[in-house]
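Below is one structure, written out as structure tokens; comments come after it.
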Amino acid sequence: MTTIPEALAFAVQHHQAGRLHEAEAIYQQILQADPNNPDALHLLGVIAHQGGRHDVAIELIVRAIALNPAAAEYHNNIGEVYRAQGKTEEAIAYYEKALALKPDYADAHNNFGIALAAQGKLEEAIAYYRQALALKPDYAEAHNNLGLALSSQGKLEEAAAHYRQ
């Protein structure tokens, strides 16, 4: 018989490979056995977000956060849901929480930068992109985002260097 951690690992493999339907089915099975499994709730919420069902995503990830408030990934991902809805202030609050829990979380730094750039706060966004890159130098998305922000400021040579990265 498969344990919940084994099932979760299998579901994550499907999820990462883009087989969302298969992953979702396994997350649902995990929740039938353990309705308060925060990882299954969170990842089911991520799938809901990926499918554009943002209200469902928020409901699931909020439940996961209530069960495991120290999981920086949960806070970052609910921030992503809010950002997708254009609710930048809410997104920023969750990115701040994610970074308070895990200061070396490159994805949260990058996502925070995206939200700040959307508010027109390019200098602050640039600082977050640079921090993401300090933590993860090969982070292609952060290089691209930094390039976009620098390009918006007319710093084309520096932007091009980041695009090349």
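Ligands are numbered from 1 in the order shown, chains are lettered A, B, ... in the order of the structure tokens, and residues start at 1 in each chain.
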For Glu124 in chain A: contacts at 12 Å, only C-alpha atoms, fewer than 4 positions along chain excluded, given as number ranges by chain:
A: 109-110, 112-120, 128-131, 146, 149-150
What's around range 40-53 of chain A at 7 Å? Count only C-alpha atoms, leave out sequence neighbours fewer than 3 positions away in its own chain, and write the answer as a PyMOL selection string.
chain A and resi 20+24+27+30-31+37+56-58+60-61+64+74+81
Skipping near chain neighbours, those fewer than 6 positions away, what residues fall within 12 Å of range 97-102 of chain A using only C-alpha atoms, listed as an MDAnalysis selection string?
chainID A and resid 65 68:80 90:91 108:112 128 131:132 135
Take the residues just selected and output them with C-alpha atoms as a PDB file, in the first residue's frame.
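Below is the file that was written, part.pdb:
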```pdb
ATOM      1  CA  ILE A  65      -1.736  28.162   5.314  1.00  0.00           C
ATOM      2  CA  ASN A  68       0.982  25.152   8.127  1.00  0.00           C
ATOM      3  CA  PRO A  69       1.540  28.912   8.434  1.00  0.00           C
ATOM      4  CA  ALA A  70       5.330  28.511   8.288  1.00  0.00           C
ATOM      5  CA  ALA A  71       5.372  27.256   4.678  1.00  0.00           C
ATOM      6  CA  ALA A  72       6.854  30.118   2.657  1.00  0.00           C
ATOM      7  CA  GLU A  73       5.866  28.411  -0.609  1.00  0.00           C
ATOM      8  CA  TYR A  74       2.193  28.577   0.330  1.00  0.00           C
ATOM      9  CA  HIS A  75       2.420  32.331   0.904  1.00  0.00           C
ATOM     10  CA  ASN A  76       4.335  32.879  -2.329  1.00  0.00           C
ATOM     11  CA  ASN A  77       1.846  30.866  -4.360  1.00  0.00           C
ATOM     12  CA  ILE A  78      -1.225  32.583  -2.963  1.00  0.00           C
ATOM     13  CA  GLY A  79       0.559  35.820  -3.805  1.00  0.00           C
ATOM     14  CA  GLU A  80       0.761  34.561  -7.364  1.00  0.00           C
ATOM     15  CA  GLU A  90      -2.701  41.465  -1.557  1.00  0.00           C
ATOM     16  CA  ALA A  91       0.004  39.707  -3.562  1.00  0.00           C
ATOM     17  CA  ALA A 108       9.451  35.175  -3.870  1.00  0.00           C
ATOM     18  CA  HIS A 109      12.011  37.923  -4.530  1.00  0.00           C
ATOM     19  CA  ASN A 110      11.348  37.662  -8.265  1.00  0.00           C
ATOM     20  CA  ASN A 111       7.574  37.612  -7.830  1.00  0.00           C
ATOM     21  CA  PHE A 112       7.725  40.572  -5.442  1.00  0.00           C
ATOM     22  CA  TYR A 128      14.174  42.419  -5.741  1.00  0.00           C
ATOM     23  CA  GLN A 131      18.330  39.804  -4.841  1.00  0.00           C
ATOM     24  CA  ALA A 132      16.732  36.856  -6.630  1.00  0.00           C
ATOM     25  CA  LEU A 135      20.474  33.881  -4.506  1.00  0.00           C
TER      26      LEU A 135
END
```
Excluding same-chain residues fewer than 5 positions from Ala160 in chain A, what lies within 12 Å of it counting only C-alpha atoms, as a PyMOL selection string?
chain A and resi 143-152+154-155+165
Output for the residues just chosen: all heavy atoms as an mmCIF file, in the first residue's frame:
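And here's result.cif as it stands now:
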```cif
data_model
loop_
_atom_site.group_PDB
_atom_site.id
_atom_site.type_symbol
_atom_site.label_atom_id
_atom_site.label_comp_id
_atom_site.auth_asym_id
_atom_site.auth_seq_id
_atom_site.Cartn_x
_atom_site.Cartn_y
_atom_site.Cartn_z
ATOM 1 N N HIS A 143 16.475 37.193 -14.665
ATOM 2 C CA HIS A 143 17.313 37.942 -15.621
ATOM 3 C C HIS A 143 16.428 38.672 -16.628
ATOM 4 O O HIS A 143 16.644 39.845 -16.929
ATOM 5 C CB HIS A 143 18.282 37.011 -16.355
ATOM 6 C CG HIS A 143 19.528 36.717 -15.605
ATOM 7 N ND1 HIS A 143 20.496 37.665 -15.352
ATOM 8 C CD2 HIS A 143 19.977 35.565 -15.035
ATOM 9 C CE1 HIS A 143 21.491 37.115 -14.667
ATOM 10 N NE2 HIS A 143 21.190 35.838 -14.455
ATOM 11 N N ASN A 144 15.427 37.964 -17.146
ATOM 12 C CA ASN A 144 14.519 38.573 -18.116
ATOM 13 C C ASN A 144 13.759 39.743 -17.494
ATOM 14 O O ASN A 144 13.656 40.816 -18.092
ATOM 15 C CB ASN A 144 13.542 37.530 -18.651
ATOM 16 C CG ASN A 144 12.640 38.105 -19.711
ATOM 17 O OD1 ASN A 144 13.100 38.486 -20.784
ATOM 18 N ND2 ASN A 144 11.353 38.188 -19.427
ATOM 19 N N ASN A 145 13.238 39.547 -16.285
ATOM 20 C CA ASN A 145 12.482 40.607 -15.623
ATOM 21 C C ASN A 145 13.366 41.808 -15.316
ATOM 22 O O ASN A 145 12.941 42.955 -15.486
ATOM 23 C CB ASN A 145 11.836 40.082 -14.344
ATOM 24 C CG ASN A 145 10.733 39.098 -14.638
ATOM 25 O OD1 ASN A 145 10.134 39.106 -15.704
ATOM 26 N ND2 ASN A 145 10.462 38.209 -13.696
ATOM 27 N N LEU A 146 14.588 41.549 -14.899
ATOM 28 C CA LEU A 146 15.523 42.645 -14.644
ATOM 29 C C LEU A 146 15.833 43.367 -15.950
ATOM 30 O O LEU A 146 15.867 44.601 -15.992
ATOM 31 C CB LEU A 146 16.806 42.118 -13.987
ATOM 32 C CG LEU A 146 17.887 43.150 -13.672
ATOM 33 C CD1 LEU A 146 17.343 44.293 -12.814
ATOM 34 C CD2 LEU A 146 19.059 42.468 -12.973
ATOM 35 N N GLY A 147 16.021 42.608 -17.011
ATOM 36 C CA GLY A 147 16.254 43.219 -18.319
ATOM 37 C C GLY A 147 15.101 44.114 -18.741
ATOM 38 O O GLY A 147 15.314 45.230 -19.231
ATOM 39 N N LEU A 148 13.880 43.660 -18.528
ATOM 40 C CA LEU A 148 12.707 44.469 -18.877
ATOM 41 C C LEU A 148 12.669 45.768 -18.071
ATOM 42 O O LEU A 148 12.411 46.844 -18.625
ATOM 43 C CB LEU A 148 11.418 43.680 -18.622
ATOM 44 C CG LEU A 148 11.131 42.522 -19.565
ATOM 45 C CD1 LEU A 148 9.981 41.681 -19.039
ATOM 46 C CD2 LEU A 148 10.834 43.037 -20.964
ATOM 47 N N ALA A 149 12.941 45.665 -16.773
ATOM 48 C CA ALA A 149 12.910 46.850 -15.919
ATOM 49 C C ALA A 149 14.010 47.830 -16.311
ATOM 50 O O ALA A 149 13.770 49.046 -16.403
ATOM 51 C CB ALA A 149 13.044 46.445 -14.450
ATOM 52 N N LEU A 150 15.203 47.314 -16.550
ATOM 53 C CA LEU A 150 16.318 48.188 -16.952
ATOM 54 C C LEU A 150 16.046 48.823 -18.308
ATOM 55 O O LEU A 150 16.343 50.007 -18.522
ATOM 56 C CB LEU A 150 17.621 47.387 -16.971
ATOM 57 C CG LEU A 150 18.129 46.928 -15.610
ATOM 58 C CD1 LEU A 150 19.239 45.897 -15.784
ATOM 59 C CD2 LEU A 150 18.593 48.111 -14.768
ATOM 60 N N SER A 151 15.475 48.066 -19.218
ATOM 61 C CA SER A 151 15.118 48.590 -20.536
ATOM 62 C C SER A 151 14.116 49.732 -20.405
ATOM 63 O O SER A 151 14.229 50.757 -21.087
ATOM 64 C CB SER A 151 14.552 47.469 -21.397
ATOM 65 O OG SER A 151 14.184 47.951 -22.660
ATOM 66 N N SER A 152 13.162 49.577 -19.503
ATOM 67 C CA SER A 152 12.166 50.633 -19.265
ATOM 68 C C SER A 152 12.810 51.909 -18.755
ATOM 69 O O SER A 152 12.269 52.996 -18.935
ATOM 70 C CB SER A 152 11.114 50.169 -18.252
ATOM 71 O OG SER A 152 10.373 49.115 -18.770
ATOM 72 N N GLY A 154 15.736 52.850 -19.794
ATOM 73 C CA GLY A 154 16.670 53.296 -20.822
ATOM 74 C C GLY A 154 18.072 52.755 -20.653
ATOM 75 O O GLY A 154 18.988 53.169 -21.364
ATOM 76 N N LYS A 155 18.271 51.828 -19.757
ATOM 77 C CA LYS A 155 19.591 51.233 -19.520
ATOM 78 C C LYS A 155 19.731 50.006 -20.410
ATOM 79 O O LYS A 155 19.733 48.862 -19.952
ATOM 80 C CB LYS A 155 19.740 50.877 -18.040
ATOM 81 C CG LYS A 155 19.637 52.087 -17.126
ATOM 82 C CD LYS A 155 19.681 51.683 -15.665
ATOM 83 C CE LYS A 155 19.499 52.911 -14.768
ATOM 84 N NZ LYS A 155 19.412 52.537 -13.352
ATOM 85 N N GLN A 165 21.903 36.578 -20.434
ATOM 86 C CA GLN A 165 22.031 35.598 -19.342
ATOM 87 C C GLN A 165 20.861 34.642 -19.375
ATOM 88 O O GLN A 165 20.964 33.510 -19.008
ATOM 89 C CB GLN A 165 22.083 36.296 -17.984
ATOM 90 C CG GLN A 165 23.368 37.024 -17.722
ATOM 91 C CD GLN A 165 24.541 36.094 -17.493
ATOM 92 O OE1 GLN A 165 24.391 35.053 -16.870
ATOM 93 N NE2 GLN A 165 25.683 36.467 -17.990
#
```
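With CA of His21 in chain A on one side and CA of Leu8 in chain A on the other, the separation reads 14.2 Å.
Going from CA of Ala106 in chain A to CA of Ile126 in chain A covers 13.4 Å.
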